[in-house]
$ cat model02.pdb   # PDB, C-alpha atoms and all ligand atoms
ATOM      1  CA  MET W   1     -12.882   2.942  18.738
ATOM      2  CA  GLY W   2      -9.117   2.279  18.664
ATOM      3  CA  TYR W   3      -6.640   1.375  15.939
ATOM      4  CA  THR W   4      -3.526  -0.781  15.732
ATOM      5  CA  LEU W   5      -0.332   0.645  14.225
ATOM      6  CA  GLY W   6       1.416  -0.623  11.122
ATOM      7  CA  VAL W   7      -1.707  -1.882   9.391
ATOM      8  CA  GLY W   8      -1.452   0.530   6.462
ATOM      9  CA  ARG W   9      -4.747   2.359   6.761
ATOM     10  CA  VAL W  10      -5.573   3.768   3.336
ATOM     11  CA  ILE W  11      -7.634   6.965   3.445
ATOM     12  CA  ALA W  12      -8.997   8.664   0.313
ATOM     13  CA  VAL W  13      -9.716  12.381   0.620
ATOM     14  CA  ALA W  14     -12.463  13.224  -1.845
ATOM     15  CA  ASN W  15     -15.142  15.716  -2.771
ATOM     16  CA  GLN W  16     -16.233  16.462  -6.338
ATOM     17  CA  LYS W  17     -16.494  20.137  -5.404
ATOM     18  CA  GLY W  18     -13.326  22.098  -6.123
ATOM     19  CA  GLY W  19     -11.396  24.189  -3.640
ATOM     20  CA  VAL W  20     -12.845  22.723  -0.440
ATOM     21  CA  GLY W  21      -9.517  21.811   1.173
ATOM     22  CA  LYS W  22      -8.789  18.275  -0.093
ATOM     23  CA  THR W  23      -5.142  18.870  -0.963
ATOM     24  CA  THR W  24      -4.607  21.089   2.067
ATOM     25  CA  THR W  25      -5.980  18.297   4.262
ATOM     26  CA  VAL W  26      -3.809  15.591   2.668
ATOM     27  CA  ILE W  27      -0.671  17.704   3.176
ATOM     28  CA  ASN W  28      -1.360  18.806   6.728
ATOM     29  CA  LEU W  29      -3.140  15.767   8.138
ATOM     30  CA  GLY W  30      -0.270  13.737   6.651
ATOM     31  CA  ALA W  31       2.346  16.005   8.244
ATOM     32  CA  ALA W  32       0.519  15.910  11.586
ATOM     33  CA  LEU W  33       0.287  12.099  11.554
ATOM     34  CA  ALA W  34       4.011  11.943  10.701
ATOM     35  CA  GLU W  35       4.714  14.322  13.593
ATOM     36  CA  ARG W  36       2.980  11.824  15.887
ATOM     37  CA  GLY W  37       5.529   9.231  14.785
ATOM     38  CA  HIS W  38       3.506   7.393  12.143
ATOM     39  CA  GLN W  39       4.982   6.336   8.813
ATOM     40  CA  VAL W  40       2.882   8.216   6.265
ATOM     41  CA  LEU W  41       2.693   8.142   2.466
ATOM     42  CA  LEU W  42       0.838  10.851   0.526
ATOM     43  CA  ILE W  43      -0.321   9.776  -2.937
ATOM     44  CA  ASP W  44      -1.027  12.546  -5.436
ATOM     45  CA  PHE W  45      -3.826  11.208  -7.587
ATOM     46  CA  ASP W  46      -4.948  14.507  -9.073
ATOM     47  CA  PRO W  47      -3.708  15.654 -12.526
ATOM     48  CA  GLN W  48      -3.636  19.227 -11.164
ATOM     49  CA  ALA W  49      -0.737  17.906  -9.021
ATOM     50  CA  ALA W  50      -1.151  20.606  -6.368
ATOM     51  CA  LEU W  51       0.037  18.205  -3.661
ATOM     52  CA  THR W  52       3.213  17.485  -5.645
ATOM     53  CA  ALA W  53       3.823  21.184  -6.358
ATOM     54  CA  GLY W  54       3.086  22.008  -2.715
ATOM     55  CA  PHE W  55       6.265  20.172  -1.750
ATOM     56  CA  GLY W  56       8.355  21.864  -4.453
ATOM     57  CA  LEU W  57       8.324  19.060  -7.050
ATOM     58  CA  ASP W  58       7.659  20.032 -10.670
ATOM     59  CA  PRO W  59       4.803  17.988 -12.196
ATOM     60  CA  TYR W  60       6.018  18.900 -15.717
ATOM     61  CA  HIS W  61       9.467  17.351 -15.258
ATOM     62  CA  LEU W  62       8.942  14.298 -13.107
ATOM     63  CA  SER W  63       9.395  10.622 -13.799
ATOM     64  CA  PRO W  64       8.274   8.115 -12.742
ATOM     65  CA  THR W  65       4.972   9.313 -11.287
ATOM     66  CA  THR W  66       1.646   7.915 -10.088
ATOM     67  CA  TYR W  67       0.688   7.564 -13.765
ATOM     68  CA  SER W  68       3.510   5.134 -14.582
ATOM     69  CA  PHE W  69       2.887   3.361 -11.280
ATOM     70  CA  LEU W  70      -0.710   2.798 -12.299
ATOM     71  CA  MET W  71      -0.151   1.908 -15.935
ATOM     72  CA  LYS W  72       3.238   0.139 -16.157
ATOM     73  CA  ASP W  73       3.659  -3.319 -14.684
ATOM     74  CA  GLY W  74       7.345  -2.998 -13.740
ATOM     75  CA  VAL W  75       6.926   0.213 -11.726
ATOM     76  CA  GLN W  76       6.467  -0.319  -7.997
ATOM     77  CA  LEU W  77       5.582   2.049  -5.196
ATOM     78  CA  ARG W  78       9.183   2.156  -3.990
ATOM     79  CA  ASN W  79      10.305   3.332  -7.453
ATOM     80  CA  ILE W  80       8.161   6.459  -7.356
ATOM     81  CA  ILE W  81       8.087   7.615  -3.733
ATOM     82  CA  ARG W  82      10.264  10.441  -2.409
ATOM     83  CA  LYS W  83      11.144  11.184   1.177
ATOM     84  CA  LEU W  84       9.895  14.481   2.614
ATOM     85  CA  ASN W  85      11.063  13.942   6.192
ATOM     86  CA  GLU W  86      11.842  11.127   8.594
ATOM     87  CA  ASN W  87       8.268   9.790   8.593
ATOM     88  CA  LEU W  88       6.683  11.374   5.530
ATOM     89  CA  TRP W  89       6.783  10.259   1.891
ATOM     90  CA  ILE W  90       5.118  11.374  -1.324
ATOM     91  CA  ALA W  91       4.149   9.541  -4.499
ATOM     92  CA  PRO W  92       4.113  12.533  -6.870
ATOM     93  CA  ALA W  93       1.799  13.128  -9.831
ATOM     94  CA  GLY W  94       2.807  14.430 -13.220
ATOM     95  CA  VAL W  95       0.535  16.177 -15.692
ATOM     96  CA  ASP W  96       0.381  12.841 -17.588
ATOM     97  CA  LEU W  97      -2.145  11.640 -15.002
ATOM     98  CA  ALA W  98      -4.813  13.604 -16.902
ATOM     99  CA  ALA W  99      -4.838  10.808 -19.518
ATOM    100  CA  VAL W 100      -5.847   8.146 -17.002
ATOM    101  CA  ASP W 101      -9.608   8.664 -17.227
ATOM    102  CA  TYR W 102      -9.398   7.972 -20.962
ATOM    103  CA  VAL W 103      -6.692   5.291 -21.051
ATOM    104  CA  LEU W 104      -8.141   3.204 -18.211
ATOM    105  CA  THR W 105     -11.505   2.668 -19.886
ATOM    106  CA  LYS W 106     -10.054  -0.105 -22.055
ATOM    107  CA  PHE W 107      -8.828  -2.143 -19.096
ATOM    108  CA  GLN W 108     -11.038  -4.744 -17.482
ATOM    109  CA  ASP W 109      -9.562  -4.052 -14.024
ATOM    110  CA  ARG W 110      -9.982  -0.275 -14.523
ATOM    111  CA  ASN W 111     -11.690   0.299 -11.166
ATOM    112  CA  PHE W 112      -9.286  -1.865  -9.152
ATOM    113  CA  ARG W 113      -5.938  -0.825 -10.594
ATOM    114  CA  LEU W 114      -4.754   1.454  -7.816
ATOM    115  CA  ARG W 115      -5.974  -0.965  -5.154
ATOM    116  CA  ASN W 116      -4.047  -3.852  -6.721
ATOM    117  CA  ARG W 117      -0.913  -1.781  -7.227
ATOM    118  CA  ILE W 118      -0.617  -0.556  -3.636
ATOM    119  CA  ALA W 119      -1.488  -3.919  -2.059
ATOM    120  CA  PRO W 120       2.159  -5.094  -1.844
ATOM    121  CA  GLY W 121       3.966  -2.789   0.541
ATOM    122  CA  ARG W 122       1.057  -0.993   2.207
ATOM    123  CA  ASP W 123       1.606  -2.926   5.430
ATOM    124  CA  GLN W 124       4.974  -1.227   5.881
ATOM    125  CA  LEU W 125       3.205   2.088   6.377
ATOM    126  CA  ASP W 126       0.803   3.302   9.055
ATOM    127  CA  PHE W 127      -1.177   5.628   6.791
ATOM    128  CA  ILE W 128      -1.590   6.181   3.071
ATOM    129  CA  LEU W 129      -3.526   9.358   2.204
ATOM    130  CA  ILE W 130      -4.779   9.743  -1.373
ATOM    131  CA  ASP W 131      -5.541  13.180  -2.850
ATOM    132  CA  THR W 132      -8.181  13.174  -5.595
ATOM    133  CA  PRO W 133      -9.403  15.631  -8.262
ATOM    134  CA  PRO W 134     -12.683  17.587  -8.047
ATOM    135  CA  SER W 135     -14.607  15.086 -10.185
ATOM    136  CA  LEU W 136     -16.202  11.679  -9.858
ATOM    137  CA  GLY W 137     -14.513   9.903 -12.787
ATOM    138  CA  LEU W 138     -12.307   6.841 -12.916
ATOM    139  CA  ILE W 139      -9.477   8.500 -11.003
ATOM    140  CA  THR W 140     -11.645   9.164  -7.971
ATOM    141  CA  THR W 141     -13.316   5.740  -8.263
ATOM    142  CA  ASN W 142      -9.872   4.106  -8.235
ATOM    143  CA  ALA W 143      -8.982   6.052  -5.099
ATOM    144  CA  LEU W 144     -12.239   5.048  -3.372
ATOM    145  CA  VAL W 145     -11.778   1.398  -4.292
ATOM    146  CA  ALA W 146      -8.156   1.481  -3.107
ATOM    147  CA  ALA W 147      -9.147   3.034   0.232
ATOM    148  CA  ASP W 148     -10.359   1.500   3.467
ATOM    149  CA  GLU W 149     -11.797   4.808   4.609
ATOM    150  CA  LEU W 150     -13.072   8.014   3.090
ATOM    151  CA  LEU W 151     -12.530  11.506   4.465
ATOM    152  CA  ILE W 152     -14.724  14.217   2.947
ATOM    153  CA  PRO W 153     -13.711  17.848   3.469
ATOM    154  CA  VAL W 154     -16.777  20.100   3.374
ATOM    155  CA  GLN W 155     -16.356  23.836   3.085
ATOM    156  CA  CYS W 156     -18.482  25.662   5.662
ATOM    157  CA  HIS W 157     -20.700  27.217   3.059
ATOM    158  CA  TYR W 158     -24.307  26.359   2.243
ATOM    159  CA  LEU W 159     -23.695  25.594  -1.457
ATOM    160  CA  ALA W 160     -20.755  23.349  -0.623
ATOM    161  CA  MET W 161     -22.867  21.413   1.821
ATOM    162  CA  ARG W 162     -25.512  20.666  -0.795
ATOM    163  CA  GLY W 163     -22.939  18.751  -2.888
ATOM    164  CA  VAL W 164     -22.325  16.291  -0.049
ATOM    165  CA  ARG W 165     -25.486  14.337  -0.802
ATOM    166  CA  ALA W 166     -24.494  13.833  -4.470
ATOM    167  CA  LEU W 167     -21.060  12.690  -3.364
ATOM    168  CA  LEU W 168     -22.465  10.247  -0.819
ATOM    169  CA  GLU W 169     -24.735   8.732  -3.466
ATOM    170  CA  THR W 170     -21.681   7.972  -5.616
ATOM    171  CA  VAL W 171     -19.854   6.623  -2.598
ATOM    172  CA  TRP W 172     -22.714   4.226  -1.823
ATOM    173  CA  LEU W 173     -22.686   3.060  -5.460
ATOM    174  CA  VAL W 174     -18.970   2.299  -5.205
ATOM    175  CA  HIS W 175     -19.628   0.639  -1.865
ATOM    176  CA  ASP W 176     -22.445  -1.563  -3.170
ATOM    177  CA  ARG W 177     -21.006  -2.475  -6.563
ATOM    178  CA  LEU W 178     -17.242  -2.484  -6.118
ATOM    179  CA  HIS W 179     -16.072  -2.224  -2.526
ATOM    180  CA  PRO W 180     -18.430  -3.245   0.318
ATOM    181  CA  ASN W 181     -15.685  -2.696   2.923
ATOM    182  CA  LEU W 182     -15.304   1.015   2.241
ATOM    183  CA  THR W 183     -16.180   3.026   5.350
ATOM    184  CA  LEU W 184     -16.825   6.702   5.894
ATOM    185  CA  LEU W 185     -14.137   7.987   8.250
ATOM    186  CA  GLY W 186     -15.822  11.345   8.499
ATOM    187  CA  LEU W 187     -16.958  14.672   7.122
ATOM    188  CA  LEU W 188     -14.487  17.432   7.930
ATOM    189  CA  PRO W 189     -15.799  21.008   8.116
ATOM    190  CA  THR W 190     -13.144  23.231   6.469
ATOM    191  CA  ILE W 191     -12.385  26.912   5.915
ATOM    192  CA  LEU W 192     -14.658  27.861   8.810
ATOM    193  CA  GLN W 193     -14.880  31.588   9.394
ATOM    194  CA  PRO W 194     -15.310  31.767  13.171
ATOM    195  CA  ASP W 195     -16.936  35.218  13.022
ATOM    196  CA  SER W 196     -19.423  34.316  10.309
ATOM    197  CA  ARG W 197     -22.866  33.251  11.484
ATOM    198  CA  HIS W 198     -23.479  31.566   8.142
ATOM    199  CA  SER W 199     -20.309  29.497   8.507
ATOM    200  CA  GLN W 200     -21.278  28.405  12.039
ATOM    201  CA  GLU W 201     -24.807  27.533  10.878
ATOM    202  CA  VAL W 202     -23.444  25.230   8.189
ATOM    203  CA  VAL W 203     -21.451  23.291  10.811
ATOM    204  CA  ARG W 204     -24.565  23.010  13.020
ATOM    205  CA  GLU W 205     -26.601  21.797  10.032
ATOM    206  CA  LEU W 206     -23.895  19.279   9.067
ATOM    207  CA  ARG W 207     -23.894  17.909  12.612
ATOM    208  CA  SER W 208     -27.668  17.706  12.766
ATOM    209  CA  VAL W 209     -27.913  15.837   9.429
ATOM    210  CA  PHE W 210     -24.820  13.631   9.635
ATOM    211  CA  SER W 211     -24.319  13.567  13.431
ATOM    212  CA  LYS W 212     -21.449  11.242  14.453
ATOM    213  CA  ARG W 213     -20.132  11.136  10.897
ATOM    214  CA  VAL W 214     -18.811  14.685  11.322
ATOM    215  CA  PHE W 215     -15.380  15.057  12.941
ATOM    216  CA  ASP W 216     -15.219  16.907  16.256
ATOM    217  CA  THR W 217     -12.342  18.874  14.733
ATOM    218  CA  VAL W 218     -13.173  21.828  12.510
ATOM    219  CA  ILE W 219     -10.547  23.450  10.257
ATOM    220  CA  GLU W 220     -10.742  27.212  10.558
ATOM    221  CA  GLU W 221      -9.842  29.690   7.870
ATOM    222  CA  ASP W 222      -6.180  30.612   8.261
ATOM    223  CA  GLU W 223      -4.116  32.259   5.555
ATOM    224  CA  ALA W 224      -1.041  30.352   6.761
ATOM    225  CA  LEU W 225      -2.599  27.339   4.991
ATOM    226  CA  ALA W 226      -2.610  29.166   1.668
ATOM    227  CA  MET W 227       0.934  30.455   2.190
ATOM    228  CA  ALA W 228       2.644  27.217   3.268
ATOM    229  CA  PRO W 229       2.659  25.533  -0.204
ATOM    230  CA  ALA W 230       4.457  28.575  -1.659
ATOM    231  CA  ALA W 231       7.144  27.910   0.952
ATOM    232  CA  ARG W 232       7.051  24.236  -0.137
ATOM    233  CA  MET W 233       6.167  22.862   3.259
ATOM    234  CA  SER W 234       3.281  21.876   5.494
ATOM    235  CA  VAL W 235       1.770  24.482   7.810
ATOM    236  CA  LEU W 236       3.184  22.498  10.745
ATOM    237  CA  ASP W 237       6.691  23.374   9.518
ATOM    238  CA  PHE W 238       5.804  26.776   8.070
ATOM    239  CA  LYS W 239       3.973  28.127  11.121
ATOM    240  CA  PRO W 240       4.032  25.516  13.895
ATOM    241  CA  GLU W 241       2.093  27.680  16.379
ATOM    242  CA  SER W 242      -0.668  28.716  13.964
ATOM    243  CA  LYS W 243      -4.356  27.974  14.431
ATOM    244  CA  ALA W 244      -4.176  25.819  11.295
ATOM    245  CA  ALA W 245      -1.313  23.701  12.674
ATOM    246  CA  GLU W 246      -3.285  23.244  15.901
ATOM    247  CA  ASN W 247      -6.445  22.242  13.977
ATOM    248  CA  TYR W 248      -4.627  19.651  11.864
ATOM    249  CA  ARG W 249      -2.807  18.221  14.912
ATOM    250  CA  ARG W 250      -6.174  17.756  16.571
ATOM    251  CA  LEU W 251      -7.543  16.073  13.437
ATOM    252  CA  ALA W 252      -4.529  13.730  13.377
ATOM    253  CA  GLU W 253      -5.291  12.752  16.952
ATOM    254  CA  GLU W 254      -8.918  12.064  16.061
ATOM    255  CA  VAL W 255      -7.883   9.989  13.043
ATOM    256  CA  SER W 256      -5.158   7.991  14.788
ATOM    257  CA  VAL W 257      -6.730   7.476  18.205
ATOM    258  CA  GLY W 258     -10.365   7.440  17.120
ATOM    259  CA  ARG W 259     -13.392   9.417  18.192
ATOM    260  CA  ALA W 260     -14.866   9.089  21.653
TER     261      ALA W 260
HETATM  262  N1  LIG L   1      -8.663  26.409   6.177
HETATM  263  C1  LIG L   1      -8.217  27.186   5.182
HETATM  264  N2  LIG L   1      -7.983  28.502   5.404
HETATM  265  C2  LIG L   1      -7.545  29.299   4.404
HETATM  266  N3  LIG L   1      -7.295  28.885   3.156
HETATM  267  C3  LIG L   1      -7.491  27.572   2.883
HETATM  268  C4  LIG L   1      -7.962  26.656   3.870
HETATM  269  N4  LIG L   1      -8.056  25.426   3.305
HETATM  270  C5  LIG L   1      -7.674  25.576   2.028
HETATM  271  N5  LIG L   1      -7.348  26.845   1.759
HETATM  272  C6  LIG L   1      -6.922  27.415   0.469
HETATM  273  O1  LIG L   1      -8.036  27.309  -0.411
HETATM  274  C7  LIG L   1      -7.600  26.901  -1.705
HETATM  275  C8  LIG L   1      -8.239  25.552  -2.055
HETATM  276  O2  LIG L   1      -7.749  24.558  -1.143
HETATM  277  P1  LIG L   1      -7.306  23.122  -1.681
HETATM  278  O3  LIG L   1      -6.390  23.268  -2.854
HETATM  279  O4  LIG L   1      -6.812  22.351  -0.519
HETATM  280  O5  LIG L   1      -8.700  22.566  -2.157
HETATM  281  P2  LIG L   1      -8.992  21.280  -3.048
HETATM  282  O6  LIG L   1     -10.296  20.749  -2.595
HETATM  283  O7  LIG L   1      -7.837  20.372  -3.045
HETATM  284  O8  LIG L   1      -9.119  21.943  -4.498
HETATM  285  P3  LIG L   1      -9.244  21.118  -5.895
HETATM  286  O9  LIG L   1     -10.619  20.594  -5.916
HETATM  287  O10 LIG L   1      -8.992  22.158  -6.944
HETATM  288  O11 LIG L   1      -8.211  20.046  -5.866
HETATM  289  C9  LIG L   1      -6.087  26.849  -1.647
HETATM  290  O12 LIG L   1      -5.561  28.062  -2.090
HETATM  291  C10 LIG L   1      -5.797  26.644  -0.168
HETATM  292  O13 LIG L   1      -4.537  27.152   0.204
HETATM  293 MG    MG L   2      -6.743  19.569  -4.641
END
$ encode --input "model02.pdb" --output "structure tokens" --more "lines below"
Ligand SMILES: Nc1ncnc2c1ncn2[C@@H]1O[C@H](COP(=O)(O)OP(=O)(O)OP(=O)(O)O)[C@@H](O)[C@H]1O
Ligand SMILES: [Mg+2]
Amino acid sequence: MGYTLGVGRVIAVANQKGGVGKTTTVINLGAALAERGHQVLLIDFDPQAALTAGFGLDPYHLSPTTYSFLMKDGVQLRNIIRKLNENLWIAPAGVDLAAVDYVLTKFQDRNFRLRNRIAPGRDQLDFILIDTPPSLGLITTNALVAADELLIPVQCHYLAMRGVRALLETVWLVHDRLHPNLTLLGLLPTILQPDSRHSQEVVRELRSVFSKRVFDTVIEEDEALAMAPAARMSVLDFKPESKAAENYRRLAEEVSVGRA
């Protein structure tokens, strides 16, 4: 499986379970893809705005944001994005995004809004990664419909694994009713504790149930990942030699080159 550059692959990172590493994956997979020379845009589509805050932007005092991009006709992607480094860009979220689930219900194109808005301009990028909230409302549906591919971080914990089935059922609904071209890029085991038998068992179980749909790469637990956002940077900049930086570089290779 190989990919061509410059086709603007849109990848939604989603899981309705909170705290499983969605935002961490968007930041660090994005940074690792940018390090490989790809042009990468990170879209913060979560009202918690952790992605935005993780790069030192203040979601309480930002304008325009992904909310205005979604809701106001005159606002284009280029009006809201900010440059993080040579190859990396962010479309930041403000706290106003919380209103979207409510406001969008009155629009006929409510499920397709993000998809339609990013269509012009996506070809100028190699990757667009969308961070989503821990819920399966209209915000996440918009992200799934806008995406070509879905990446699901799964915390290496039994209870976290059980939620994957519920998520996949929603994904298939979106696939069947709204977006038949949506594909599952992969399940990503996260926050693996290498010394925990339980943690290792969850990865084995994930691989036995979902086989090739699980990435070869596993993201281990590494406190550098929790510390990097406080320093307002990715772990690749914060601690370039860390285990976490190595894991996310390997994931970027798997995502950009494809799995064997
Ligand atoms: N591999 C890891 N090792 C150590 N800490 C991690 C790892 N991945 C994520 N974390 C930490 O765990 C917490 C939750 O991660 P993150 O915010 O990425 O999850 P999330 O799925 O985006 O959460 P939410 O559902 O609230 O948006 C954060 O404090 C983050 O720094
Ligand atoms: Mg998050």
$ residues_near_point --input "model02.pdb" --point "(-14.4, 14.7, -4.2)" --cutoff "12 Å" --atoms "all atoms listed in the file" --output "ChimeraX atom specification"
/W:12-23,45-46,130-141,143-144,150-155,160,163-171,187
$ atom_distance --input "model02.pdb" --atom1 "CA of Gln200 in chain W" --atom2 "atom C2 of ligand LIG 1 (chain L)"
15.7 Å
$ resolve_selection --input "model02.pdb" --expression "the PyMOL selection byres (((chain W and resi 222) around 10) and not hetatm)" --output "list in words"
Ile191, Leu192, Gln193, Ile219, Glu220, Glu221, Glu223, Ala224, Leu225, Ala226, Met227, Ser242, Lys243, Ala244 and Ala245 of chain W
$ residues_around --input "model02.pdb" --residues "Arg122 in chain W" --least-positions-apart "4" --cutoff "10 Å" --atoms "all atoms listed in the file" --output "mmCIF file with C-alpha atoms, in the coordinates of the input"
data_model
loop_
_atom_site.group_PDB
_atom_site.id
_atom_site.type_symbol
_atom_site.label_atom_id
_atom_site.label_comp_id
_atom_site.auth_asym_id
_atom_site.auth_seq_id
_atom_site.Cartn_x
_atom_site.Cartn_y
_atom_site.Cartn_z
ATOM 1 C CA GLY W 6 1.416 -0.623 11.122
ATOM 2 C CA VAL W 7 -1.707 -1.882 9.391
ATOM 3 C CA GLY W 8 -1.452 0.530 6.462
ATOM 4 C CA ARG W 9 -4.747 2.359 6.761
ATOM 5 C CA VAL W 10 -5.573 3.768 3.336
ATOM 6 C CA LEU W 41 2.693 8.142 2.466
ATOM 7 C CA LEU W 77 5.582 2.049 -5.196
ATOM 8 C CA ARG W 117 -0.913 -1.781 -7.227
ATOM 9 C CA ILE W 118 -0.617 -0.556 -3.636
ATOM 10 C CA ASP W 126 0.803 3.302 9.055
ATOM 11 C CA PHE W 127 -1.177 5.628 6.791
ATOM 12 C CA ILE W 128 -1.590 6.181 3.071
#
$ atom_distance --input "model02.pdb" --atom1 "CA of Pro120 in chain W" --atom2 "CA of Thr24 in chain W"
27.3 Å
$ resolve_selection --input "model02.pdb" --expression "the PyMOL selection byres (((chain W and resi 71) around 10) and not hetatm)" --output "PDB file with C-alpha atoms, keeping the file's coordinate frame"
ATOM      1  CA  THR W  66       1.646   7.915 -10.088  1.00  0.00           C
ATOM      2  CA  TYR W  67       0.688   7.564 -13.765  1.00  0.00           C
ATOM      3  CA  SER W  68       3.510   5.134 -14.582  1.00  0.00           C
ATOM      4  CA  PHE W  69       2.887   3.361 -11.280  1.00  0.00           C
ATOM      5  CA  LEU W  70      -0.710   2.798 -12.299  1.00  0.00           C
ATOM      6  CA  LYS W  72       3.238   0.139 -16.157  1.00  0.00           C
ATOM      7  CA  ASP W  73       3.659  -3.319 -14.684  1.00  0.00           C
ATOM      8  CA  GLY W  74       7.345  -2.998 -13.740  1.00  0.00           C
ATOM      9  CA  VAL W  75       6.926   0.213 -11.726  1.00  0.00           C
ATOM     10  CA  LEU W  97      -2.145  11.640 -15.002  1.00  0.00           C
ATOM     11  CA  VAL W 100      -5.847   8.146 -17.002  1.00  0.00           C
ATOM     12  CA  VAL W 103      -6.692   5.291 -21.051  1.00  0.00           C
ATOM     13  CA  LEU W 104      -8.141   3.204 -18.211  1.00  0.00           C
ATOM     14  CA  ARG W 113      -5.938  -0.825 -10.594  1.00  0.00           C
ATOM     15  CA  LEU W 114      -4.754   1.454  -7.816  1.00  0.00           C
ATOM     16  CA  ARG W 117      -0.913  -1.781  -7.227  1.00  0.00           C
TER      17      ARG W 117
END
$ closest_residue --input "model02.pdb" --among "W:Leu182, W:Leu206, W:Ala32, W:Cys156" --to "Pro194 in chain W" --atoms "all atoms listed in the file"
W:Cys156
$ closest_residue --input "model02.pdb" --among "W:Leu251, W:Ile81, W:Ala93, W:Ala228" --to "ligand LIG 1 (chain L)" --atoms "only C-alpha atoms and all ligand atoms"
W:Ala228
$ atom_distance --input "model02.pdb" --atom1 "CA of His179 in chain W" --atom2 "CA of Phe112 in chain W"
9.5 Å
$ closest_residue --input "model02.pdb" --among "W:Glu149, W:Val26, W:Val209, W:Val174" --to "Arg162 in chain W" --atoms "all atoms listed in the file"
W:Val209
$ closest_residue --input "model02.pdb" --among "W:Pro180, W:Pro64, W:Gly258, W:Pro229" --to "ligand MG 2 (chain L)" --atoms "only C-alpha atoms and all ligand atoms"
W:Pro229
$ axis_aligned_box --input "model02.pdb" --around "range 146-154 of chain W" --padding-each-side "5 Å" --output "lines of an AutoDock Vina configuration file"
center_x = -12.5
center_y = 10.8
center_z = 0.8
size_x = 18.6
size_y = 28.6
size_z = 17.7
$ closest_residue --input "model02.pdb" --among "W:Val214, W:Thr25, W:Glu201, W:Leu185" --to "ligand LIG 1 (chain L)" --atoms "all atoms listed in the file"
W:Thr25
$ decode --input "model02.pdb" --residues "range 226-242 of chain W" --atoms "C-alpha atoms" --output "PDB file, in the first residue's frame"
ATOM      1  CA  ALA W 226       2.256  15.097  29.182  1.00  0.00           C
ATOM      2  CA  MET W 227       4.973  17.709  29.722  1.00  0.00           C
ATOM      3  CA  ALA W 228       5.436  18.908  26.127  1.00  0.00           C
ATOM      4  CA  PRO W 229       2.133  20.889  25.881  1.00  0.00           C
ATOM      5  CA  ALA W 230       3.110  22.882  28.992  1.00  0.00           C
ATOM      6  CA  ALA W 231       6.238  23.865  27.062  1.00  0.00           C
ATOM      7  CA  ARG W 232       3.945  24.704  24.107  1.00  0.00           C
ATOM      8  CA  MET W 233       5.567  22.318  21.685  1.00  0.00           C
ATOM      9  CA  SER W 234       5.419  18.799  20.307  1.00  0.00           C
ATOM     10  CA  VAL W 235       7.420  16.063  22.023  1.00  0.00           C
ATOM     11  CA  LEU W 236       9.636  15.923  18.922  1.00  0.00           C
ATOM     12  CA  ASP W 237      10.834  19.454  19.742  1.00  0.00           C
ATOM     13  CA  PHE W 238      10.574  19.131  23.522  1.00  0.00           C
ATOM     14  CA  LYS W 239      12.491  15.860  23.850  1.00  0.00           C
ATOM     15  CA  PRO W 240      13.647  14.714  20.405  1.00  0.00           C
ATOM     16  CA  GLU W 241      15.387  11.569  21.707  1.00  0.00           C
ATOM     17  CA  SER W 242      12.513  10.386  23.914  1.00  0.00           C
TER      18      SER W 242
END
